[in-house]
Amino acid sequence: MSELHDRPDSPCIGVCSTLFDDVCKGCGRTAYEVSNWVCFTDDEKAAVWERITREGKAMRFCDSRSTTSQT
């Protein structure tokens, strides 16, 4: 089984900002990638997963412990 199938089908976390941003703050994909995801091949999806994981800027990759205040 490929690594792609060990992941969720989509990087989406339900926090979409592609109407206002070039890159979604929730998942890290471009508006083009979000709107065409269902048509992408496994190789295209794997390339997107690799890029957004490497960049690690999207909310999907944020560690919730680092964003909470410590008292």
# chains A, B, ... in the order shown; residues from 1 in each chain; ligands from 1
>>> residues_around(residues="Phe61 (chain A)", least_positions_apart="2", cutoff="12 Å", atoms="only C-alpha atoms", output="PDB file with N, CA and C atoms, in the first residue's frame")
ATOM      1  N   PRO A  11      -6.164  17.096   2.402  1.00  0.00           N
ATOM      2  CA  PRO A  11      -5.546  17.839   3.502  1.00  0.00           C
ATOM      3  C   PRO A  11      -6.523  18.777   4.213  1.00  0.00           C
ATOM      4  N   CYS A  12      -7.722  18.919   3.690  1.00  0.00           N
ATOM      5  CA  CYS A  12      -8.695  19.865   4.235  1.00  0.00           C
ATOM      6  C   CYS A  12      -8.983  19.597   5.715  1.00  0.00           C
ATOM      7  N   ILE A  13      -9.023  20.683   6.500  1.00  0.00           N
ATOM      8  CA  ILE A  13      -9.404  20.574   7.911  1.00  0.00           C
ATOM      9  C   ILE A  13     -10.682  21.367   8.189  1.00  0.00           C
ATOM     10  N   LYS A  25      -5.222  28.973   4.484  1.00  0.00           N
ATOM     11  CA  LYS A  25      -4.581  28.980   5.802  1.00  0.00           C
ATOM     12  C   LYS A  25      -4.844  27.689   6.565  1.00  0.00           C
ATOM     13  N   GLY A  26      -5.896  26.972   6.199  1.00  0.00           N
ATOM     14  CA  GLY A  26      -6.229  25.727   6.878  1.00  0.00           C
ATOM     15  C   GLY A  26      -5.379  24.553   6.442  1.00  0.00           C
ATOM     16  N   CYS A  27      -5.276  24.352   5.118  1.00  0.00           N
ATOM     17  CA  CYS A  27      -4.588  23.154   4.624  1.00  0.00           C
ATOM     18  C   CYS A  27      -3.292  23.431   3.883  1.00  0.00           C
ATOM     19  N   GLY A  28      -3.077  24.659   3.426  1.00  0.00           N
ATOM     20  CA  GLY A  28      -1.843  25.002   2.735  1.00  0.00           C
ATOM     21  C   GLY A  28      -1.886  24.831   1.229  1.00  0.00           C
ATOM     22  N   TRP A  49       0.820  16.975  -1.031  1.00  0.00           N
ATOM     23  CA  TRP A  49       1.040  16.586   0.369  1.00  0.00           C
ATOM     24  C   TRP A  49       2.495  16.831   0.777  1.00  0.00           C
ATOM     25  N   ILE A  52       3.086  20.756   1.103  1.00  0.00           N
ATOM     26  CA  ILE A  52       2.460  21.411   2.259  1.00  0.00           C
ATOM     27  C   ILE A  52       3.042  20.892   3.571  1.00  0.00           C
ATOM     28  N   THR A  53       3.462  19.632   3.591  1.00  0.00           N
ATOM     29  CA  THR A  53       4.096  19.082   4.789  1.00  0.00           C
ATOM     30  C   THR A  53       5.462  19.723   5.004  1.00  0.00           C
ATOM     31  N   ARG A  54       6.232  19.845   3.923  1.00  0.00           N
ATOM     32  CA  ARG A  54       7.565  20.466   4.005  1.00  0.00           C
ATOM     33  C   ARG A  54       7.445  21.915   4.471  1.00  0.00           C
ATOM     34  N   GLU A  55       6.482  22.654   3.896  1.00  0.00           N
ATOM     35  CA  GLU A  55       6.297  24.055   4.274  1.00  0.00           C
ATOM     36  C   GLU A  55       5.796  24.165   5.713  1.00  0.00           C
ATOM     37  N   GLY A  56       4.861  23.319   6.097  1.00  0.00           N
ATOM     38  CA  GLY A  56       4.366  23.252   7.471  1.00  0.00           C
ATOM     39  C   GLY A  56       3.766  24.528   8.022  1.00  0.00           C
ATOM     40  N   LYS A  57       3.276  25.414   7.168  1.00  0.00           N
ATOM     41  CA  LYS A  57       2.757  26.712   7.615  1.00  0.00           C
ATOM     42  C   LYS A  57       1.260  26.718   7.879  1.00  0.00           C
ATOM     43  N   ALA A  58       0.544  25.783   7.308  1.00  0.00           N
ATOM     44  CA  ALA A  58      -0.914  25.765   7.422  1.00  0.00           C
ATOM     45  C   ALA A  58      -1.351  25.352   8.826  1.00  0.00           C
ATOM     46  N   MET A  59      -2.559  25.716   9.183  1.00  0.00           N
ATOM     47  CA  MET A  59      -3.123  25.359  10.490  1.00  0.00           C
ATOM     48  C   MET A  59      -3.097  23.851  10.711  1.00  0.00           C
ATOM     49  N   ASP A  63       0.956  22.988  16.001  1.00  0.00           N
ATOM     50  CA  ASP A  63       0.867  22.257  17.263  1.00  0.00           C
ATOM     51  C   ASP A  63       0.007  23.072  18.199  1.00  0.00           C
ATOM     52  N   SER A  64      -1.164  22.574  18.548  1.00  0.00           N
ATOM     53  CA  SER A  64      -2.100  23.327  19.392  1.00  0.00           C
ATOM     54  C   SER A  64      -1.501  23.668  20.752  1.00  0.00           C
ATOM     55  N   ARG A  65      -0.549  22.868  21.222  1.00  0.00           N
ATOM     56  CA  ARG A  65       0.075  23.166  22.511  1.00  0.00           C
ATOM     57  C   ARG A  65       0.909  24.427  22.444  1.00  0.00           C
ATOM     58  N   SER A  66       1.474  24.736  21.268  1.00  0.00           N
ATOM     59  CA  SER A  66       2.321  25.940  21.167  1.00  0.00           C
ATOM     60  C   SER A  66       1.498  27.201  21.025  1.00  0.00           C
ATOM     61  N   THR A  67       0.200  27.078  20.751  1.00  0.00           N
ATOM     62  CA  THR A  67      -0.643  28.261  20.581  1.00  0.00           C
ATOM     63  C   THR A  67      -1.484  28.547  21.820  1.00  0.00           C
TER      64      THR A  67
END
>>> residues_around(residues="region 43-45 of chain A", least_positions_apart="6", cutoff="10 Å", atoms="only C-alpha atoms", output="list in words")
Leu4, Asp9, Ser10, Pro11, Glu33, Trp37 and Arg51 of chain A
>>> atom_distance(atom1="CA of Phe40 (chain A)", atom2="CA of Cys24 (chain A)")
17.6 Å
>>> closest_residue(among="A:Thr41, A:Asn36, A:Arg60, A:Glu50", to="Cys16 (chain A)", atoms="only C-alpha atoms")
A:Arg60
>>> select_by_dssp(residues="chain A", states="alpha helix (DSSP H)", output="list in words")
Ala31, Tyr32, Glu33, Val34, Ser35, Asn36, Asp42, Asp43, Glu44, Lys45, Ala46, Ala47, Val48, Trp49, Glu50, Arg51, Ile52, Thr53, Arg54, Glu55, Ser64, Arg65, Ser66 and Thr67 of chain A
>>> decode(residues="region 10-21 of chain A", atoms="all heavy atoms", output="mmCIF file, in the first residue's frame")
data_model
loop_
_atom_site.group_PDB
_atom_site.id
_atom_site.type_symbol
_atom_site.label_atom_id
_atom_site.label_comp_id
_atom_site.auth_asym_id
_atom_site.auth_seq_id
_atom_site.Cartn_x
_atom_site.Cartn_y
_atom_site.Cartn_z
ATOM 1 N N SER A 10 -7.934 14.026 1.741
ATOM 2 C CA SER A 10 -7.695 15.442 1.459
ATOM 3 C C SER A 10 -7.011 16.102 2.657
ATOM 4 O O SER A 10 -7.294 15.760 3.807
ATOM 5 C CB SER A 10 -9.037 16.126 1.203
ATOM 6 O OG SER A 10 -8.901 17.522 1.205
ATOM 7 N N PRO A 11 -6.164 17.096 2.402
ATOM 8 C CA PRO A 11 -5.546 17.839 3.502
ATOM 9 C C PRO A 11 -6.523 18.777 4.213
ATOM 10 O O PRO A 11 -6.189 19.362 5.246
ATOM 11 C CB PRO A 11 -4.450 18.664 2.809
ATOM 12 C CG PRO A 11 -4.245 18.060 1.479
ATOM 13 C CD PRO A 11 -5.554 17.415 1.105
ATOM 14 N N CYS A 12 -7.722 18.919 3.690
ATOM 15 C CA CYS A 12 -8.695 19.865 4.235
ATOM 16 C C CYS A 12 -8.983 19.597 5.715
ATOM 17 O O CYS A 12 -9.184 18.454 6.124
ATOM 18 C CB CYS A 12 -9.996 19.776 3.444
ATOM 19 S SG CYS A 12 -11.243 20.952 3.997
ATOM 20 N N ILE A 13 -9.023 20.683 6.500
ATOM 21 C CA ILE A 13 -9.404 20.574 7.911
ATOM 22 C C ILE A 13 -10.682 21.367 8.189
ATOM 23 O O ILE A 13 -11.039 21.582 9.334
ATOM 24 C CB ILE A 13 -8.273 21.023 8.857
ATOM 25 C CG1 ILE A 13 -7.906 22.490 8.626
ATOM 26 C CG2 ILE A 13 -7.069 20.095 8.732
ATOM 27 C CD1 ILE A 13 -7.013 23.084 9.713
ATOM 28 N N GLY A 14 -11.354 21.828 7.120
ATOM 29 C CA GLY A 14 -12.610 22.553 7.282
ATOM 30 C C GLY A 14 -12.441 24.016 7.643
ATOM 31 O O GLY A 14 -13.378 24.648 8.103
ATOM 32 N N VAL A 15 -11.251 24.561 7.453
ATOM 33 C CA VAL A 15 -10.990 25.976 7.703
ATOM 34 C C VAL A 15 -10.483 26.552 6.385
ATOM 35 O O VAL A 15 -9.291 26.708 6.179
ATOM 36 C CB VAL A 15 -9.931 26.182 8.814
ATOM 37 C CG1 VAL A 15 -9.693 27.655 9.065
ATOM 38 C CG2 VAL A 15 -10.345 25.471 10.088
ATOM 39 N N CYS A 16 -11.404 26.831 5.469
ATOM 40 C CA CYS A 16 -11.023 27.239 4.119
ATOM 41 C C CYS A 16 -10.950 28.755 4.002
ATOM 42 O O CYS A 16 -11.866 29.463 4.399
ATOM 43 C CB CYS A 16 -12.033 26.694 3.111
ATOM 44 S SG CYS A 16 -11.498 26.921 1.418
ATOM 45 N N SER A 17 -9.832 29.226 3.448
ATOM 46 C CA SER A 17 -9.690 30.663 3.234
ATOM 47 C C SER A 17 -9.364 30.973 1.775
ATOM 48 O O SER A 17 -8.881 32.057 1.471
ATOM 49 C CB SER A 17 -8.596 31.229 4.143
ATOM 50 O OG SER A 17 -7.313 30.759 3.739
ATOM 51 N N THR A 18 -9.617 30.029 0.865
ATOM 52 C CA THR A 18 -9.223 30.232 -0.521
ATOM 53 C C THR A 18 -10.053 31.289 -1.251
ATOM 54 O O THR A 18 -9.682 31.692 -2.343
ATOM 55 C CB THR A 18 -9.254 28.907 -1.319
ATOM 56 O OG1 THR A 18 -10.541 28.327 -1.213
ATOM 57 C CG2 THR A 18 -8.185 27.957 -0.837
ATOM 58 N N LEU A 19 -11.145 31.729 -0.668
ATOM 59 C CA LEU A 19 -11.886 32.830 -1.288
ATOM 60 C C LEU A 19 -11.163 34.157 -1.070
ATOM 61 O O LEU A 19 -11.359 35.099 -1.828
ATOM 62 C CB LEU A 19 -13.304 32.920 -0.715
ATOM 63 C CG LEU A 19 -14.231 31.763 -1.065
ATOM 64 C CD1 LEU A 19 -15.565 31.939 -0.343
ATOM 65 C CD2 LEU A 19 -14.438 31.673 -2.560
ATOM 66 N N PHE A 20 -10.313 34.218 -0.058
ATOM 67 C CA PHE A 20 -9.654 35.463 0.299
ATOM 68 C C PHE A 20 -8.136 35.404 0.186
ATOM 69 O O PHE A 20 -7.480 36.431 0.148
ATOM 70 C CB PHE A 20 -10.025 35.843 1.740
ATOM 71 C CG PHE A 20 -11.506 35.859 1.966
ATOM 72 C CD1 PHE A 20 -12.133 34.839 2.663
ATOM 73 C CD2 PHE A 20 -12.307 36.875 1.453
ATOM 74 C CE1 PHE A 20 -13.505 34.834 2.862
ATOM 75 C CE2 PHE A 20 -13.679 36.880 1.647
ATOM 76 C CZ PHE A 20 -14.274 35.861 2.354
ATOM 77 N N ASP A 21 -7.564 34.217 0.154
ATOM 78 C CA ASP A 21 -6.116 34.047 0.146
ATOM 79 C C ASP A 21 -5.682 33.191 -1.044
ATOM 80 O O ASP A 21 -6.426 32.329 -1.495
ATOM 81 C CB ASP A 21 -5.652 33.328 1.430
ATOM 82 C CG ASP A 21 -6.009 34.099 2.680
ATOM 83 O OD1 ASP A 21 -5.712 35.303 2.749
ATOM 84 O OD2 ASP A 21 -6.589 33.486 3.594
#
